[in-house]
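Peer 1: Take this structure, written in structure tokens, and hold onto it; I'll ask about it next.
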Amino acid sequence: MSDIMVTIDGIKYEAKEGEFILQIARRNGVFIPAICYLTNCSPTLACRLCLVEIDGKRAYSCNAKAKEGMSVITKNEEIETERKAIMEVYDLNHPLECGVCDQSGECELQNYTLEMDIDKQQFAIADTSRPSHDWGFIHYDSSLCIVCERCVTVCKDMIGDAALKTVPRGGDILPKEWKETTPKDTYAMWNKLQKSVIGVSSGADTLDCTNCGECTAVCPVGALVGSDFQYTSNAWELKKIPAANPHSSDCSLMYYDVKQTSIKDAKDKIYRVNSDFDFAPLHGGIRYGYDFENSIDKKDEKAFKKAIKFMTDSDTIKFNSFITNEEAYILQKLKEKFGYKLVNDDAFAYKNFLKNYSKTSGKSLYSADLKTLRNSNFVVSVGSFVKSDNPNVGYAINNAVTMNKGAGLYFHPIADSVVSRYSKNMLCVNHEAGVEESILYLMLDLFGDKDKMPKSVIKYLKTFHKTVKKTITEVVKEQVKEMVKDEQSGEEKEVIKTVSKNVEKEIEVDVNSLYEVIGLGDDFDAKLTKLLAKKDRFSLVVGEDLYNHKRAENLAKLVGLIERFSDFSILIIPTKTNTLGVSLICDLDPKVGKKAVGYNEKADFTLSALGKGDLDMPALNQQEGTFTSMNKRVVPTNAALPYGGYCLNDLGNELGLIAQNTIDYTNELGNIEGFKNKEFDDLPNEFLNSGEENRGYLIEEKSFESDDEVQEIEGCDLGDGDLIYQANPVMQFSPFTNRAHQLNEAGALYASSEFLENRGLKDGSMVLISNKNAKLAIAVKLDTQIEGLIPYLPTFDTKLNVMPFFKDGYRFTKVELKGVEK
């Protein structure tokens, strides 16, 4: 889109051609009311409040696209009369229960009613019974609903579930006299309001979705609210604590809503979380998994002294990536001082993957982020179970294919109905486990610049192509002469007719043997050609399946070549919340030594925020610090709740490091390549009206000379047995999400209905899983959002020791799986 100038209320503004007028106004601080529009989603024209005048004609700014020289008037007498009438209709028959409504104090209906000075009611119609519905995590009160359709829009265009739709309300038909006396847009909006209400797309009594809760976030009134939050607090009583999502590497901006527990208990409690929904959605893991704090009121001096002794005698610190950058820096300083081995399995694998990617890409970091993904119109995903691994990546992919008339390819062994319903232009390829190398070589073959790629790679790619003769049937049209009898004269006449006949013919065709390895059909070329039509913004997402793959080094190098020799921007998803930060800050070791201290990992002596260790530590909702997000941005997070025990910084100080507070190390992060010398309190944490992420700072990337060395494909034989996968169900990310009161559950072997039927099992049946490394009796749980015969084991339940099944770290393994009779 080219740069243009438009005039709004007499002032000229820069814009992109085709950009919505409402977006231009918002970016420049020009107020235009709108109660149905959501940034990055399609306009619905449900409210019509954004009415403006463009070049002398009425239009809706939410879907009017900018053109060079366009002149916009945002308000005049006619427009304001229309807007007031619309607000009167919205207020008509709306329950007067603001005193107990969960949205009161931050209700857009309240705000606009006051903003437009609505102090009378000129309309009237009989009300209609509109019952409430409990949809699991969400409560819907249809009497409060103004049918703005934000919930429907965000669920379809952003999240990809499409679980909500408008359904018939059964309201009275508007009397004809109102049509003559009501302003045009007001009547159209009122007519729709009378006819519609929100319902479940499937027609069921409960929502069939991934339970992100984004519909409750975008609801402008109190119609959709978290069931757990309902009637627990007034909005104005809540203190908003800005933070970053602590459960996954999107690290999205969010707010803990906090107030005292009760009249009798003054201790702070988190009542819910919120977000700037126009710019960054939240997944259900943090929306409902926020209260994972470690409630410790005092320091355990005896345990602290024991911890110091263990750290003095140990040679290893084993930890995971649910920590801040500052804590990672403390661990690195302790390594430099005492020579500890620092063992973090997921960050070690990720660090090595980045290192090998850099060798062939010539870049220290991948090129894409979530915004790049959303702006793409062709997306490929390899090695990520996106609905569970990192839902925000899935949201960005859905947003891209939905809003940009995009398309994509999703490669994964497990068939995922969540991804498949993003779009009819999302081609899901469910391949055999272990063929990811072939997929990346196929990417180079299909999209790599053959004029620039290394000759050795081009030569190798040619080995997959062979010309074969194929017999095809052609329809051949021929002209033949026939003698026919004229019905009137009875005489025979010669006529020429065209007839068709089938003719077999041999032709030479190019066959790519990679197609067979990956499991692509004969029609893949035709499908791909259709998907690629008019596409010019490409992104490749690679995920956790690749990082511990037997061929991880070569996979990373192939991703680097795709970055360098194709039009694809690359996003390498960090596995856990701060995997990227840890991999950049810490010098990591592959194996534990003789004696280890664990930080949120089981070891000889365990420091734990889960309340199950030898010395308590604060959880991430009790800490100040920073994370390094998948957007390659160092972002701040704040403590929502108090913590009275010891923290890692106390241990560091006792061992010779000096810092009054953990965040004193935020500035020292500048000693690490890519980070900056910035004080914690100087870090911004907001989105601008333009949608620009103004949070913390970007990691500085560097470029260097690359090489072209990659290896040929080597098979990945997993052996015999039943194939299982290691993943968590939707909303579960770690033992911390499982600690939250709304998400606490027992882990299980999650499987599709097809798997259950194939094995003669039922939801809840017991099975015995075993291989040479481990044995486990476990219940089977139906996952309605997957298909196929590959079940998965979770890691969020500390009572289940599943990782020995996956000894080498690769997420797929073979086991013996058999039912257990009760």
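Residue names in the structure tokens use chain letters A, B, ... in the order shown, residue numbers from 1 in each chain, and ligand numbers from 1 in the order shown.
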Can you pull out every residue within 8 Å of His283 (chain A), counting only C-alpha atoms, but drop anything in the same chain fewer than 5 positions away, and send it as a ChimeraX atom specification?
Peer 2: /A:211-214,391-392,731
Peer 1: Residues near Asp55 (chain A), anyone? I mean within 9 Å using only C-alpha atoms, not counting same-chain ones fewer than 2 positions away, as a PDB file with all heavy atoms, in the first residue's frame.
Peer 2:
ATOM      1  N   GLU A  53     -18.851  11.752   7.442  1.00  0.00           N
ATOM      2  CA  GLU A  53     -19.130  12.271   6.102  1.00  0.00           C
ATOM      3  C   GLU A  53     -17.826  12.287   5.329  1.00  0.00           C
ATOM      4  O   GLU A  53     -16.837  12.871   5.777  1.00  0.00           O
ATOM      5  CB  GLU A  53     -19.716  13.679   6.188  1.00  0.00           C
ATOM      6  CG  GLU A  53     -20.182  14.245   4.854  1.00  0.00           C
ATOM      7  CD  GLU A  53     -20.775  15.632   4.992  1.00  0.00           C
ATOM      8  OE1 GLU A  53     -21.892  15.740   5.547  1.00  0.00           O
ATOM      9  OE2 GLU A  53     -20.111  16.606   4.560  1.00  0.00           O
ATOM     10  N   LYS A  57     -20.550  12.671   1.398  1.00  0.00           N
ATOM     11  CA  LYS A  57     -21.483  11.549   1.480  1.00  0.00           C
ATOM     12  C   LYS A  57     -21.303  10.802   2.796  1.00  0.00           C
ATOM     13  O   LYS A  57     -20.193  10.689   3.307  1.00  0.00           O
ATOM     14  CB  LYS A  57     -21.266  10.580   0.309  1.00  0.00           C
ATOM     15  CG  LYS A  57     -21.544  11.193  -1.057  1.00  0.00           C
ATOM     16  CD  LYS A  57     -21.303  10.167  -2.165  1.00  0.00           C
ATOM     17  CE  LYS A  57     -21.577  10.768  -3.533  1.00  0.00           C
ATOM     18  NZ  LYS A  57     -21.327   9.774  -4.635  1.00  0.00           N
ATOM     19  N   ARG A  58     -22.409  10.283   3.334  1.00  0.00           N
ATOM     20  CA  ARG A  58     -22.345   9.525   4.575  1.00  0.00           C
ATOM     21  C   ARG A  58     -21.669   8.175   4.348  1.00  0.00           C
ATOM     22  O   ARG A  58     -21.895   7.513   3.336  1.00  0.00           O
ATOM     23  CB  ARG A  58     -23.746   9.309   5.143  1.00  0.00           C
ATOM     24  CG  ARG A  58     -24.315  10.572   5.771  1.00  0.00           C
ATOM     25  CD  ARG A  58     -25.792  10.456   6.095  1.00  0.00           C
ATOM     26  NE  ARG A  58     -26.110   9.349   7.001  1.00  0.00           N
ATOM     27  CZ  ARG A  58     -27.054   9.432   7.928  1.00  0.00           C
ATOM     28  NH1 ARG A  58     -27.741  10.542   8.111  1.00  0.00           N
ATOM     29  NH2 ARG A  58     -27.324   8.394   8.691  1.00  0.00           N
ATOM     30  N   MET A  70      -8.852  12.356   0.123  1.00  0.00           N
ATOM     31  CA  MET A  70     -10.164  12.178   0.744  1.00  0.00           C
ATOM     32  C   MET A  70     -10.346  13.169   1.894  1.00  0.00           C
ATOM     33  O   MET A  70      -9.426  13.435   2.669  1.00  0.00           O
ATOM     34  CB  MET A  70     -10.275  10.739   1.257  1.00  0.00           C
ATOM     35  CG  MET A  70     -11.610  10.368   1.830  1.00  0.00           C
ATOM     36  SD  MET A  70     -11.609   8.601   2.334  1.00  0.00           S
ATOM     37  CE  MET A  70     -12.025   7.830   0.784  1.00  0.00           C
ATOM     38  N   SER A  71     -11.551  13.741   1.995  1.00  0.00           N
ATOM     39  CA  SER A  71     -11.865  14.688   3.062  1.00  0.00           C
ATOM     40  C   SER A  71     -12.956  14.090   3.959  1.00  0.00           C
ATOM     41  O   SER A  71     -14.026  13.707   3.476  1.00  0.00           O
ATOM     42  CB  SER A  71     -12.345  16.012   2.478  1.00  0.00           C
ATOM     43  OG  SER A  71     -12.681  16.923   3.503  1.00  0.00           O
ATOM     44  N   VAL A  72     -12.666  14.016   5.264  1.00  0.00           N
ATOM     45  CA  VAL A  72     -13.555  13.357   6.217  1.00  0.00           C
ATOM     46  C   VAL A  72     -14.014  14.358   7.278  1.00  0.00           C
ATOM     47  O   VAL A  72     -13.205  15.100   7.831  1.00  0.00           O
ATOM     48  CB  VAL A  72     -12.840  12.176   6.911  1.00  0.00           C
ATOM     49  CG1 VAL A  72     -13.780  11.483   7.896  1.00  0.00           C
ATOM     50  CG2 VAL A  72     -12.299  11.188   5.886  1.00  0.00           C
ATOM     51  N   ILE A  73     -15.299  14.371   7.547  1.00  0.00           N
ATOM     52  CA  ILE A  73     -15.861  15.155   8.652  1.00  0.00           C
ATOM     53  C   ILE A  73     -16.410  14.164   9.672  1.00  0.00           C
ATOM     54  O   ILE A  73     -17.258  13.323   9.348  1.00  0.00           O
ATOM     55  CB  ILE A  73     -16.978  16.093   8.169  1.00  0.00           C
ATOM     56  CG1 ILE A  73     -16.402  17.135   7.205  1.00  0.00           C
ATOM     57  CG2 ILE A  73     -17.672  16.771   9.343  1.00  0.00           C
ATOM     58  CD1 ILE A  73     -17.449  18.016   6.561  1.00  0.00           C
TER      59      ILE A  73
END
Peer 1: For Leu580 (chain A), list every protein, DNA or RNA residue within 9 Å, evaluated using only C-alpha atoms, and leave out those in the same chain fewer than 6 positions away; present the list as a list in words.
Peer 2: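 Residues meeting the cut-off are Ser249, Ser321, Ala347, Tyr350, Lys351, Ile573, Pro574, Phe627, Thr628, Ser629, Met630 and Lys632 of chain A.
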Peer 1: Go ahead and write the residues just picked, N, CA and C atoms, as a tab-separated table (two decimals), in the first residue's frame.
Peer 2:
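Below you can see selection.tsv, which holds the result:
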chain	number	residue	atom	x	y	z
A	249	SER	N	5.79	-17.91	25.61
A	249	SER	CA	6.79	-16.97	25.11
A	249	SER	C	6.22	-15.81	24.31
A	321	SER	N	12.81	-22.60	32.13
A	321	SER	CA	12.75	-21.24	31.56
A	321	SER	C	11.57	-20.42	32.06
A	347	ALA	N	16.07	-24.81	26.98
A	347	ALA	CA	16.85	-23.67	26.50
A	347	ALA	C	18.14	-24.15	25.81
A	350	TYR	N	17.14	-25.22	22.37
A	350	TYR	CA	16.77	-24.04	21.59
A	350	TYR	C	18.02	-23.22	21.22
A	351	LYS	N	18.94	-23.06	22.17
A	351	LYS	CA	20.16	-22.30	21.93
A	351	LYS	C	20.98	-22.93	20.80
A	573	ILE	N	9.83	-20.50	17.30
A	573	ILE	CA	9.08	-20.28	18.54
A	573	ILE	C	9.89	-20.71	19.76
A	574	PRO	N	10.16	-19.80	20.70
A	574	PRO	CA	10.79	-20.21	21.96
A	574	PRO	C	9.85	-21.13	22.73
A	627	PHE	N	11.17	-10.45	30.75
A	627	PHE	CA	11.25	-11.64	29.92
A	627	PHE	C	11.75	-11.20	28.54
A	628	THR	N	12.27	-12.14	27.77
A	628	THR	CA	12.57	-11.89	26.36
A	628	THR	C	11.54	-12.66	25.54
A	629	SER	N	10.63	-11.94	24.92
A	629	SER	CA	9.50	-12.56	24.24
A	629	SER	C	9.90	-13.10	22.87
A	630	MET	N	8.99	-13.88	22.27
A	630	MET	CA	9.24	-14.39	20.92
A	630	MET	C	9.34	-13.25	19.90
A	632	LYS	N	11.28	-10.97	20.21
A	632	LYS	CA	12.69	-10.54	20.39
A	632	LYS	C	12.76	-9.22	21.14
Peer 1: Quick one: residues within 9 Å of Val382 (chain A), only C-alpha atoms, excluding same-chain residues fewer than 5 positions away - as a list of chain:residue names?
Peer 2: A:Leu409, A:Tyr410, A:Phe411, A:His412, A:Glu436, A:Ile439, A:Leu440, A:Leu540, A:Val541, A:Val542, A:Gly543, A:Asp545, A:Leu546
Peer 1: So the first atom is CA of Gly656 (chain A) and the second is CA of Cys586 (chain A); what is the distance between them in Å, to one decimal place?
Peer 2: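 Computing it gives 18.7 Å between the two atoms.
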Peer 1: Leaving out Ser129 (chain A) and any residue of its chain fewer than 2 positions from it, which residues lie within 9 Å of it when counting only C-alpha atoms, given as a list in words?
Peer 2: Asp127, Pro131, Ser142, Ser143, Arg169, Gly170 and Gly171 of chain A
Peer 1: Give me, please, the distance in Å between CA of Gln110 (chain A) and CA of Glu88 (chain A), quoted to one decimal.
Peer 2: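 For CA of Gln110 (chain A) relative to CA of Glu88 (chain A), the distance reads 11.6 Å.
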Peer 1: Hey, what does DSSP flag as strand (DSSP E or B) within region 443-604 of chain A? Can you give it to me as number ranges by chain?
Peer 2: A: 465-485, 492-512, 538-542, 568-572, 596-599
